[in-house]
>>> print(open('model-v2.txt').read())   # compact mmCIF, C-alpha atoms
# COMPACT_ATOMS: atom_id res chain seq x y z
CA PHE A 148 -64.45 35.52 -7.51
CA PHE A 149 -60.84 35.57 -8.70
CA SER A 150 -60.27 33.53 -11.82
CA PRO A 151 -57.40 31.01 -11.65
CA LEU A 152 -56.63 31.45 -15.34
CA PRO A 153 -53.90 34.15 -14.90
CA ARG A 154 -52.18 31.76 -12.53
CA ASP A 155 -52.16 29.12 -15.27
CA SER A 156 -50.09 31.47 -17.43
CA GLN A 157 -47.76 32.20 -14.52
CA VAL A 158 -47.15 28.58 -13.70
CA ARG A 159 -46.51 27.74 -17.35
CA ILE A 160 -43.72 30.34 -17.42
CA MET A 161 -42.30 28.95 -14.19
CA GLU A 162 -42.46 25.35 -15.39
CA THR A 163 -40.80 26.30 -18.69
CA THR A 164 -38.01 28.11 -16.82
CA VAL A 165 -37.31 25.10 -14.63
CA ALA A 166 -37.65 22.62 -17.52
CA ASN A 167 -35.14 24.53 -19.66
CA ALA A 168 -32.70 24.71 -16.76
CA GLU A 169 -33.07 20.95 -16.17
CA LYS A 170 -32.45 20.19 -19.82
CA TYR A 171 -29.50 22.43 -20.53
CA PHE A 172 -27.74 22.37 -17.17
CA GLY A 173 -27.97 18.57 -17.32
CA LEU A 174 -26.42 18.57 -20.79
CA PHE A 175 -23.71 21.03 -19.75
CA CYS A 176 -22.88 18.89 -16.73
CA THR A 177 -22.62 15.71 -18.81
CA LEU A 178 -20.50 17.36 -21.50
CA MET A 179 -18.19 19.18 -19.09
CA ALA A 180 -17.63 16.00 -17.09
CA ALA A 181 -16.76 14.16 -20.32
CA TYR A 182 -14.49 17.06 -21.37
CA THR A 183 -12.65 16.84 -18.04
CA ARG A 184 -12.26 13.05 -18.31
CA LYS A 185 -10.86 13.40 -21.83
CA THR A 186 -8.40 16.01 -20.60
CA ALA A 187 -7.31 13.63 -17.83
CA LYS A 188 -6.84 10.82 -20.36
CA LEU A 189 -4.72 13.12 -22.51
CA ARG A 190 -2.62 13.87 -19.43
CA ASP A 191 -2.15 10.12 -18.83
CA LYS A 192 -1.12 9.45 -22.44
CA SER A 193 1.28 12.37 -22.29
CA ASP A 194 2.80 10.93 -19.12
CA LEU A 195 3.45 7.71 -21.02
CA LEU A 196 4.97 9.66 -23.89
CA VAL A 197 7.38 11.37 -21.49
CA LYS A 198 8.38 8.02 -20.01
CA GLN A 199 9.06 6.55 -23.44
CA ILE A 200 11.10 9.59 -24.47
CA LEU A 201 13.25 9.16 -21.36
CA ASP A 202 13.69 5.46 -22.06
CA TYR A 203 14.63 6.21 -25.65
CA ALA A 204 17.09 8.94 -24.57
CA ASN A 205 19.04 6.36 -22.57
CA THR A 206 19.74 4.44 -25.80
CA GLU A 207 21.12 7.39 -27.75
CA ASN A 208 24.41 9.28 -28.11
CA PRO A 209 25.34 12.01 -25.60
CA GLU A 210 24.00 15.10 -27.37
CA LEU A 211 20.64 13.63 -28.28
CA ARG A 212 20.39 11.90 -24.90
CA SER A 213 20.80 15.24 -23.12
CA THR A 214 18.44 17.03 -25.52
CA MET A 215 15.69 14.42 -25.21
CA LYS A 216 15.95 14.35 -21.42
CA ARG A 217 15.55 18.12 -21.25
CA PHE A 218 12.73 17.96 -23.80
CA ALA A 219 10.94 15.30 -21.71
CA GLU A 220 11.28 17.46 -18.60
CA GLU A 221 9.47 20.29 -20.41
CA LEU A 222 6.68 17.96 -21.52
CA ALA A 223 6.38 16.76 -17.93
CA LYS A 224 5.81 20.36 -16.80
CA VAL A 225 2.96 20.67 -19.27
CA GLN A 226 1.32 17.61 -17.72
CA ASP A 227 1.60 19.15 -14.27
CA TYR A 228 -0.23 22.20 -15.60
CA ARG A 229 -2.76 19.91 -17.27
CA GLN A 230 -3.33 18.17 -13.93
CA ALA A 231 -4.08 21.57 -12.38
CA GLU A 232 -6.44 22.22 -15.31
CA VAL A 233 -8.30 18.95 -14.63
CA GLU A 234 -8.65 19.68 -10.91
CA ARG A 235 -9.95 23.20 -11.54
CA LEU A 236 -12.40 22.07 -14.19
CA GLU A 237 -13.83 19.61 -11.68
CA MET A 238 -14.02 22.17 -8.89
CA LYS A 239 -15.04 25.30 -10.81
CA VAL A 240 -17.21 23.87 -13.60
CA VAL A 241 -18.42 20.30 -13.08
CA GLU A 242 -19.27 20.50 -9.37
CA PRO A 243 -21.36 23.71 -9.62
CA LEU A 244 -23.33 22.16 -12.49
CA LYS A 245 -23.90 18.98 -10.47
CA ARG A 246 -25.34 20.97 -7.59
CA TYR A 247 -28.09 22.27 -9.84
CA GLY A 248 -29.64 18.81 -9.88
CA VAL A 249 -30.65 19.16 -6.22
CA GLN A 250 -31.76 22.77 -6.65
CA LEU A 251 -33.98 21.93 -9.62
CA LYS A 252 -35.65 19.11 -7.70
CA GLN A 253 -36.52 21.62 -5.00
CA MET A 254 -38.02 23.94 -7.61
CA ARG A 255 -40.08 21.07 -9.00
CA THR A 256 -41.39 20.39 -5.49
CA GLU A 257 -42.39 24.06 -5.08
CA ILE A 258 -44.24 24.06 -8.39
CA LYS A 259 -45.96 20.80 -7.50
CA ARG A 260 -47.15 22.33 -4.22
CA PHE A 261 -48.44 25.36 -6.07
CA ASN A 262 -50.31 23.19 -8.58
CA SER A 263 -51.97 21.33 -5.72
CA VAL A 264 -53.22 24.59 -4.19
CA ARG A 265 -54.30 25.93 -7.58
CA ASN A 266 -56.19 22.71 -8.39
CA ASN A 267 -58.04 23.00 -5.10
CA GLU A 268 -59.09 26.53 -5.99
CA ILE A 269 -60.39 25.35 -9.38
CA LYS A 270 -62.19 22.44 -7.70
CA GLN A 271 -63.94 24.78 -5.25
CA LEU A 272 -64.97 27.15 -8.05
CA GLU A 273 -66.39 24.29 -10.11
CA LYS A 274 -68.27 22.99 -7.07
CA LEU A 275 -69.78 26.42 -6.45
CA GLU A 276 -70.87 26.72 -10.08
CA ARG A 277 -72.60 23.34 -9.97
CA LEU A 278 -74.44 24.29 -6.78
CA ARG A 279 -75.62 27.55 -8.34
CA GLN A 280 -77.07 25.65 -11.26
CA LYS A 281 -78.49 22.77 -9.22
CA SER A 282 -79.68 24.51 -6.03
CA PRO A 283 -79.79 28.28 -6.59
CA SER A 284 -82.17 28.75 -3.65
CA ASP A 285 -80.08 26.83 -1.08
CA ARG A 286 -78.44 29.87 0.48
CA HIS A 287 -76.77 27.98 3.30
CA THR A 288 -75.02 25.53 0.99
CA LEU A 289 -74.09 28.29 -1.47
CA SER A 290 -72.71 30.43 1.31
CA GLN A 291 -70.53 27.59 2.54
CA ALA A 292 -69.31 26.89 -1.01
CA GLU A 293 -68.53 30.59 -1.53
CA SER A 294 -66.59 30.61 1.73
CA ASN A 295 -64.58 27.60 0.55
CA VAL A 296 -63.83 29.32 -2.76
CA HIS A 297 -62.69 32.47 -0.97
CA LYS A 298 -60.45 30.47 1.34
CA ALA A 299 -58.97 28.50 -1.60
CA SER A 300 -58.41 31.71 -3.58
CA VAL A 301 -56.61 33.39 -0.67
CA ASP A 302 -54.46 30.29 -0.20
CA ALA A 303 -53.69 30.19 -3.94
CA SER A 304 -52.80 33.90 -3.98
CA ARG A 305 -50.44 33.49 -1.04
CA THR A 306 -48.82 30.42 -2.60
CA THR A 307 -48.51 32.22 -5.94
CA GLN A 308 -46.69 35.13 -4.33
CA GLN A 309 -44.31 32.77 -2.51
CA LEU A 310 -43.60 30.85 -5.69
CA GLU A 311 -43.04 34.06 -7.65
CA GLU A 312 -40.44 35.16 -5.12
CA THR A 313 -38.80 31.74 -5.19
CA ILE A 314 -38.68 31.51 -8.98
CA ASP A 315 -37.42 35.10 -9.23
CA GLU A 316 -34.55 34.30 -6.86
CA PHE A 317 -33.85 31.06 -8.73
CA GLN A 318 -33.75 32.83 -12.11
CA LYS A 319 -31.37 35.51 -10.86
CA GLN A 320 -29.06 32.93 -9.27
CA LYS A 321 -29.18 30.75 -12.39
CA LEU A 322 -28.17 33.61 -14.67
CA THR A 323 -25.38 34.62 -12.30
CA ASP A 324 -24.12 31.06 -12.00
CA ILE A 325 -24.11 30.25 -15.71
CA GLN A 326 -22.06 33.38 -16.35
CA LYS A 327 -19.57 32.50 -13.59
CA ILE A 328 -19.31 28.82 -14.55
CA PHE A 329 -18.38 29.61 -18.14
CA LEU A 330 -16.11 32.48 -17.12
CA ASP A 331 -14.27 30.03 -14.88
CA PHE A 332 -14.13 27.47 -17.69
CA VAL A 333 -12.60 29.98 -20.09
CA THR A 334 -10.18 31.25 -17.44
CA VAL A 335 -8.96 27.74 -16.60
CA GLU A 336 -8.38 27.02 -20.28
CA MET A 337 -6.67 30.35 -20.99
CA VAL A 338 -4.29 29.97 -18.06
CA PHE A 339 -3.41 26.39 -18.97
CA HIS A 340 -2.75 27.22 -22.61
CA ALA A 341 -0.75 30.32 -21.72
CA LYS A 342 1.50 28.36 -19.37
CA ALA A 343 1.69 25.42 -21.78
CA LEU A 344 2.74 27.76 -24.61
CA GLU A 345 5.61 29.05 -22.48
CA VAL A 346 6.83 25.52 -21.80
CA TYR A 347 6.33 24.34 -25.38
CA SER A 348 8.36 27.34 -26.56
CA SER A 349 11.18 26.23 -24.29
CA ALA A 350 10.85 22.66 -25.57
CA PHE A 351 10.98 23.94 -29.15
CA GLN A 352 14.20 25.82 -28.43
CA ILE A 353 15.77 22.75 -26.80
CA LEU A 354 15.11 20.69 -29.92
CA THR A 355 16.27 23.50 -32.20
CA ASP A 356 19.58 23.78 -30.36
CA TYR A 357 20.36 20.08 -30.78
CA ASP A 358 23.85 19.57 -32.30
CA LEU A 359 23.48 16.64 -34.68
CA GLU A 360 27.08 16.78 -35.93
CA ARG A 361 28.54 16.17 -32.49
CA ASP A 362 26.46 13.02 -32.13
CA MET A 363 27.46 11.86 -35.62
CA GLU A 364 31.10 12.31 -34.70
CA ASP A 365 30.55 10.31 -31.53
CA PHE A 366 28.70 7.61 -33.45
CA ARG A 367 31.36 7.32 -36.18
CA ALA A 368 34.12 7.16 -33.58
CA LYS A 369 32.30 4.37 -31.80
CA LEU A 370 31.61 2.54 -35.06
CA HIS A 371 35.25 2.62 -36.12
CA SER A 372 36.82 2.05 -32.74
CA ALA A 373 39.45 -0.62 -33.23
CA SER A 374 39.32 -1.83 -29.64
CA GLY A 375 35.55 -2.21 -29.49
CA ASN A 376 35.62 -0.83 -25.92
CA TYR A 377 34.47 2.64 -26.79
CA ASP A 378 32.70 4.33 -23.88
CA ALA A 379 29.17 5.14 -25.03
CA ARG A 380 28.86 7.40 -21.97
CA PRO A 381 25.86 5.77 -20.26
CA VAL A 382 23.37 8.06 -18.60
CA SER A 383 24.49 9.44 -15.25
CA SER A 384 22.73 9.12 -11.91
CA THR A 385 21.08 12.49 -12.52
CA ASN A 386 18.45 10.88 -14.75
CA PRO A 387 15.36 13.04 -14.20
CA SER A 388 13.10 10.02 -14.48
CA SER A 389 14.17 9.01 -10.98
CA SER A 390 12.44 12.09 -9.61
CA LEU A 391 9.35 11.83 -11.80
CA PRO A 392 7.01 9.00 -10.76
CA TRP A 393 5.34 8.47 -14.12
CA SER A 394 2.03 6.69 -14.07
CA SER A 395 0.66 3.97 -16.28
CA SER A 396 -2.27 4.65 -18.58
CA SER A 397 -5.67 4.78 -16.92
CA GLN A 398 -9.23 5.79 -17.68
CA SER A 399 -9.69 7.57 -14.36
CA ILE A 400 -9.32 11.30 -13.86
CA HIS A 401 -7.18 10.58 -10.79
CA SER A 402 -5.19 7.77 -12.39
CA THR A 403 -1.77 9.36 -12.04
CA PRO A 404 -0.15 9.64 -8.59
CA GLN A 405 -1.80 12.45 -6.73
CA ARG A 406 -0.44 15.85 -7.66
CA GLN A 407 0.24 18.30 -4.87
CA GLU A 408 -2.85 20.40 -4.07
CA GLU A 409 -2.61 24.07 -5.09
CA SER A 410 -3.97 26.71 -2.75
CA GLU A 411 -7.12 28.66 -3.62
CA TYR A 412 -6.91 32.36 -4.27
CA ASP A 413 -8.66 34.82 -1.97
CA ALA A 414 -8.98 37.73 -4.39
CA GLU A 415 -11.53 37.23 -7.18
CA GLU A 416 -9.46 39.17 -9.69
CA HIS A 417 -6.57 36.75 -9.18
CA ARG A 418 -8.46 33.46 -9.34
CA LEU A 419 -6.89 30.86 -11.58
CA GLN A 420 -4.17 33.29 -12.70
CA ASP A 421 -1.19 31.61 -11.04
CA PHE A 422 -0.40 28.06 -12.02
CA SER A 423 3.04 28.69 -10.48
CA ASP A 424 6.31 28.93 -12.41
CA PRO A 425 7.44 25.82 -14.32
CA GLU A 426 10.13 25.22 -11.71
CA GLU A 427 7.41 25.11 -9.07
CA ALA A 428 4.85 23.15 -11.05
CA PRO A 429 2.74 20.77 -8.93
CA THR A 430 4.54 17.54 -8.13
CA ARG A 431 2.68 14.48 -9.39
>>> encode(input="model-v2.txt", output="structure tokens")
Amino acid sequence: FFSPLPRDSQVRIMETTVANAEKYFGLFCTLMAAYTRKTAKLRDKSDLLVKQILDYANTENPELRSTMKRFAEELAKVQDYRQAEVERLEMKVVEPLKRYGVQLKQMRTEIKRFNSVRNNEIKQLEKLERLRQKSPSDRHTLSQAESNVHKASVDASRTTQQLEETIDEFQKQKLTDIQKIFLDFVTVEMVFHAKALEVYSSAFQILTDYDLERDMEDFRAKLHSASGNYDARPVSSTNPSSSLPWSSSSQSIHSTPQRQEESEYDAEEHRLQDFSDPEEAPTR
């Protein structure tokens, strides 16, 4: 009769494959979810920074007021790109990892079913061996026991083949998915940082172009104005803060007012490559 021992080696490999996937996919899911939450918190703090810069700009002289307002607008664009980064990390990285929890439970169920069939085969073999030692002349009982062993072995062989096919498909899908998940993670990060670098470069130039001397002249004129009615040129009605609904700090990923959803891309080679131009950055 067929020995169940080779199946023990097979099932150990299968169990190890599933156990490693449970361990590491669970860790990846936990860490990527925390990474995304931290990114969302950074977005919220940056929103507050933009608001404070705008408030501060309203207290300053004309040149710096204009410079700081423009600088704040650039920082706001970065946060719109960061919001898109958060949404894509959730959709492309965290959610696929979460789904593996259900898939791994199904694999555990399949292995458990296989173990039950295998244990029955071992039980029937042990029973037959005891009968051979105890009642070697009882042909009827031995024949029935041999029939039970054959039936259990056939059942175990069929179940083994099914499980092999299932675990083979699982392994292939797992390897494909882990590659895609981390490719998407890197792509999301590259696109965000590329777009952010463009905006930060613009913000750098805005600050570099600031004309300090003009503000000092304005300040000195105000300071020495004999009438005391010097017009400090208060901020006009075009204050960009009126069109930017800044949020308060929050610990939630979706704490800021909902940004406008960005459409998905049909072509694989173009996925995550278009955060839109800064002028068309998602409205928060």
>>> atom_distance(input="model-v2.txt", atom1="atom CA of A:Ile328", atom2="atom CA of A:Val240")
5.5 Å
>>> axis_aligned_box(input="model-v2.txt", around="stretch 256-266 of chain A", padding_each_side="5 Å", output="AutoDock Vina command-line options")
--center_x -48.8 --center_y 23.2 --center_z -6.4 --size_x 24.8 --size_y 15.5 --size_z 14.4
>>> closest_residue(input="model-v2.txt", among="A:Arg265, A:Arg367, A:Lys188, A:Lys342", to="A:Lys298", atoms="all atoms listed in the file")
A:Arg265
>>> closest_residue(input="model-v2.txt", among="A:Phe261, A:Phe366, A:Phe339, A:Tyr347", to="A:Glu162", atoms="only C-alpha atoms")
A:Phe261
>>> residues_around(input="model-v2.txt", residues="A:Val165", least_positions_apart="3", cutoff="8 Å", atoms="only C-alpha atoms", output="ChimeraX atom specification")
/A:161-162,168-169,251,254-255
>>> atom_distance(input="model-v2.txt", atom1="atom CA of A:Glu237", atom2="atom CA of A:Gly173")
15.3 Å
>>> atom_distance(input="model-v2.txt", atom1="atom CA of A:Met215", atom2="atom CA of A:Asp191")
19.4 Å
>>> closest_residue(input="model-v2.txt", among="A:Glu210, A:Asp194, A:Asp202, A:Glu242", to="A:Asp356", atoms="all atoms listed in the file")
A:Glu210
>>> residues_around(input="model-v2.txt", residues="A:Glu276", least_positions_apart="5", cutoff="10 Å", atoms="all atoms listed in the file", output="ChimeraX atom specification")
/A:270-271,281-283,289,292-293
>>> closest_atom_pairs(input="model-v2.txt", of="stretch 255-374 of chain A", to="stretch 226-235 of chain A", cutoff="12 Å", atoms="all atoms listed in the file", output="tab-separated table")
residue	atom	partner	partner_atom	distance
A:Ile328	CA	A:Arg235	CA	11.3
A:Asp331	CA	A:Arg235	CA	8.7
A:Phe332	CA	A:Arg235	CA	8.6
A:Val333	CA	A:Glu232	CA	11.0
A:Thr334	CA	A:Arg235	CA	10.0
A:Val335	CA	A:Glu232	CA	6.2
A:Glu336	CA	A:Glu232	CA	7.2
A:Met337	CA	A:Glu232	CA	9.9
A:Val338	CA	A:Glu232	CA	8.5
A:Phe339	CA	A:Tyr228	CA	6.2
A:His340	CA	A:Tyr228	CA	9.0
A:Ala341	CA	A:Tyr228	CA	10.2
A:Lys342	CA	A:Tyr228	CA	7.4
A:Ala343	CA	A:Tyr228	CA	7.2
A:Leu344	CA	A:Tyr228	CA	11.0
A:Glu345	CA	A:Tyr228	CA	11.3
A:Val346	CA	A:Tyr228	CA	10.0
A:Tyr347	CA	A:Gln226	CA	11.4
>>> residues_around(input="model-v2.txt", residues="A:Arg279", least_positions_apart="5", cutoff="10 Å", atoms="only C-alpha atoms", output="ChimeraX atom specification")
/A:273-274,284-286,288-289,292
>>> closest_residue(input="model-v2.txt", among="A:Asn208, A:Gln320, A:Ser213, A:Thr256", to="A:Met363", atoms="all atoms listed in the file")
A:Asn208
>>> residues_around(input="model-v2.txt", residues="A:Ala180", least_positions_apart="5", cutoff="10 Å", atoms="only C-alpha atoms", output="NGL selection string")
:A and (174-175 or 185-186 or 236-237 or 240-242 or 244-245)
>>> closest_residue(input="model-v2.txt", among="A:Arg190, A:Gln309, A:Asn267, A:Ser349", to="A:Phe218", atoms="all atoms listed in the file")
A:Ser349
>>> closest_residue(input="model-v2.txt", among="A:Ile314, A:Ser304, A:Gly248, A:Ala223", to="A:Thr177", atoms="all atoms listed in the file")
A:Gly248
>>> decode(input="model-v2.txt", residues="stretch 180-191 of chain A", atoms="all heavy atoms", output="PDB file, in the first residue's frame")
ATOM      1  N   ALA A 180      -0.212  50.393   6.167  1.00  0.00           N
ATOM      2  CA  ALA A 180      -1.344  51.165   6.686  1.00  0.00           C
ATOM      3  C   ALA A 180      -0.840  52.279   7.604  1.00  0.00           C
ATOM      4  O   ALA A 180      -1.327  53.425   7.540  1.00  0.00           O
ATOM      5  CB  ALA A 180      -2.305  50.248   7.445  1.00  0.00           C
ATOM      6  N   ALA A 181       0.154  51.962   8.451  1.00  0.00           N
ATOM      7  CA  ALA A 181       0.733  52.982   9.335  1.00  0.00           C
ATOM      8  C   ALA A 181       1.455  54.049   8.520  1.00  0.00           C
ATOM      9  O   ALA A 181       1.374  55.249   8.820  1.00  0.00           O
ATOM     10  CB  ALA A 181       1.698  52.322  10.323  1.00  0.00           C
ATOM     11  N   TYR A 182       2.164  53.627   7.481  1.00  0.00           N
ATOM     12  CA  TYR A 182       2.875  54.559   6.582  1.00  0.00           C
ATOM     13  C   TYR A 182       1.887  55.538   5.949  1.00  0.00           C
ATOM     14  O   TYR A 182       2.133  56.746   5.865  1.00  0.00           O
ATOM     15  CB  TYR A 182       3.589  53.742   5.516  1.00  0.00           C
ATOM     16  CG  TYR A 182       4.423  54.533   4.536  1.00  0.00           C
ATOM     17  CD1 TYR A 182       5.805  54.651   4.703  1.00  0.00           C
ATOM     18  CD2 TYR A 182       3.848  55.136   3.421  1.00  0.00           C
ATOM     19  CE1 TYR A 182       6.578  55.353   3.786  1.00  0.00           C
ATOM     20  CE2 TYR A 182       4.614  55.849   2.512  1.00  0.00           C
ATOM     21  CZ  TYR A 182       5.972  55.951   2.695  1.00  0.00           C
ATOM     22  OH  TYR A 182       6.733  56.651   1.790  1.00  0.00           O
ATOM     23  N   THR A 183       0.751  55.011   5.493  1.00  0.00           N
ATOM     24  CA  THR A 183      -0.267  55.849   4.859  1.00  0.00           C
ATOM     25  C   THR A 183      -0.884  56.817   5.859  1.00  0.00           C
ATOM     26  O   THR A 183      -1.117  57.992   5.541  1.00  0.00           O
ATOM     27  CB  THR A 183      -1.360  54.953   4.231  1.00  0.00           C
ATOM     28  OG1 THR A 183      -0.746  54.042   3.312  1.00  0.00           O
ATOM     29  CG2 THR A 183      -2.381  55.786   3.494  1.00  0.00           C
ATOM     30  N   ARG A 184      -1.145  56.340   7.083  1.00  0.00           N
ATOM     31  CA  ARG A 184      -1.696  57.238   8.116  1.00  0.00           C
ATOM     32  C   ARG A 184      -0.711  58.353   8.449  1.00  0.00           C
ATOM     33  O   ARG A 184      -1.106  59.517   8.633  1.00  0.00           O
ATOM     34  CB  ARG A 184      -2.042  56.443   9.380  1.00  0.00           C
ATOM     35  CG  ARG A 184      -3.275  55.559   9.251  1.00  0.00           C
ATOM     36  CD  ARG A 184      -3.760  55.079  10.605  1.00  0.00           C
ATOM     37  NE  ARG A 184      -2.751  54.278  11.286  1.00  0.00           N
ATOM     38  CZ  ARG A 184      -2.631  52.962  11.154  1.00  0.00           C
ATOM     39  NH1 ARG A 184      -3.452  52.293  10.349  1.00  0.00           N
ATOM     40  NH2 ARG A 184      -1.696  52.286  11.815  1.00  0.00           N
ATOM     41  N   LYS A 185       0.564  58.014   8.544  1.00  0.00           N
ATOM     42  CA  LYS A 185       1.579  59.030   8.831  1.00  0.00           C
ATOM     43  C   LYS A 185       1.648  60.064   7.708  1.00  0.00           C
ATOM     44  O   LYS A 185       1.817  61.267   7.956  1.00  0.00           O
ATOM     45  CB  LYS A 185       2.952  58.374   9.015  1.00  0.00           C
ATOM     46  CG  LYS A 185       3.089  57.557  10.294  1.00  0.00           C
ATOM     47  CD  LYS A 185       3.123  58.440  11.522  1.00  0.00           C
ATOM     48  CE  LYS A 185       3.401  57.623  12.777  1.00  0.00           C
ATOM     49  NZ  LYS A 185       3.391  58.461  13.995  1.00  0.00           N
ATOM     50  N   THR A 186       1.530  59.598   6.478  1.00  0.00           N
ATOM     51  CA  THR A 186       1.535  60.517   5.342  1.00  0.00           C
ATOM     52  C   THR A 186       0.335  61.448   5.409  1.00  0.00           C
ATOM     53  O   THR A 186       0.438  62.649   5.126  1.00  0.00           O
ATOM     54  CB  THR A 186       1.522  59.728   4.018  1.00  0.00           C
ATOM     55  OG1 THR A 186       2.654  58.847   3.979  1.00  0.00           O
ATOM     56  CG2 THR A 186       1.575  60.663   2.822  1.00  0.00           C
ATOM     57  N   ALA A 187      -0.822  60.903   5.797  1.00  0.00           N
ATOM     58  CA  ALA A 187      -2.025  61.729   5.933  1.00  0.00           C
ATOM     59  C   ALA A 187      -1.872  62.754   7.061  1.00  0.00           C
ATOM     60  O   ALA A 187      -2.321  63.904   6.941  1.00  0.00           O
ATOM     61  CB  ALA A 187      -3.243  60.837   6.205  1.00  0.00           C
ATOM     62  N   LYS A 188      -1.220  62.359   8.150  1.00  0.00           N
ATOM     63  CA  LYS A 188      -0.994  63.305   9.249  1.00  0.00           C
ATOM     64  C   LYS A 188      -0.039  64.415   8.827  1.00  0.00           C
ATOM     65  O   LYS A 188      -0.212  65.577   9.220  1.00  0.00           O
ATOM     66  CB  LYS A 188      -0.438  62.564  10.470  1.00  0.00           C
ATOM     67  CG  LYS A 188      -1.459  61.657  11.142  1.00  0.00           C
ATOM     68  CD  LYS A 188      -0.841  60.901  12.309  1.00  0.00           C
ATOM     69  CE  LYS A 188      -1.851  59.959  12.947  1.00  0.00           C
ATOM     70  NZ  LYS A 188      -1.262  59.179  14.071  1.00  0.00           N
ATOM     71  N   LEU A 189       0.967  64.057   8.035  1.00  0.00           N
ATOM     72  CA  LEU A 189       1.883  65.066   7.506  1.00  0.00           C
ATOM     73  C   LEU A 189       1.129  66.048   6.618  1.00  0.00           C
ATOM     74  O   LEU A 189       1.368  67.261   6.671  1.00  0.00           O
ATOM     75  CB  LEU A 189       3.001  64.383   6.718  1.00  0.00           C
ATOM     76  CG  LEU A 189       4.017  65.304   6.033  1.00  0.00           C
ATOM     77  CD1 LEU A 189       4.698  66.212   7.044  1.00  0.00           C
ATOM     78  CD2 LEU A 189       5.043  64.476   5.263  1.00  0.00           C
ATOM     79  N   ARG A 190       0.217  65.527   5.805  1.00  0.00           N
ATOM     80  CA  ARG A 190      -0.626  66.394   4.973  1.00  0.00           C
ATOM     81  C   ARG A 190      -1.424  67.365   5.841  1.00  0.00           C
ATOM     82  O   ARG A 190      -1.512  68.559   5.548  1.00  0.00           O
ATOM     83  CB  ARG A 190      -1.580  65.531   4.144  1.00  0.00           C
ATOM     84  CG  ARG A 190      -2.651  66.277   3.359  1.00  0.00           C
ATOM     85  CD  ARG A 190      -3.872  65.403   3.180  1.00  0.00           C
ATOM     86  NE  ARG A 190      -4.452  65.055   4.457  1.00  0.00           N
ATOM     87  CZ  ARG A 190      -5.210  63.984   4.658  1.00  0.00           C
ATOM     88  NH1 ARG A 190      -5.442  63.142   3.670  1.00  0.00           N
ATOM     89  NH2 ARG A 190      -5.725  63.742   5.851  1.00  0.00           N
ATOM     90  N   ASP A 191      -2.010  66.862   6.937  1.00  0.00           N
ATOM     91  CA  ASP A 191      -2.815  67.718   7.818  1.00  0.00           C
ATOM     92  C   ASP A 191      -1.967  68.814   8.466  1.00  0.00           C
ATOM     93  O   ASP A 191      -2.384  69.974   8.554  1.00  0.00           O
ATOM     94  CB  ASP A 191      -3.481  66.875   8.904  1.00  0.00           C
ATOM     95  CG  ASP A 191      -4.557  65.954   8.349  1.00  0.00           C
ATOM     96  OD1 ASP A 191      -5.000  66.191   7.206  1.00  0.00           O
ATOM     97  OD2 ASP A 191      -4.946  65.000   9.044  1.00  0.00           O
TER      98      ASP A 191
END
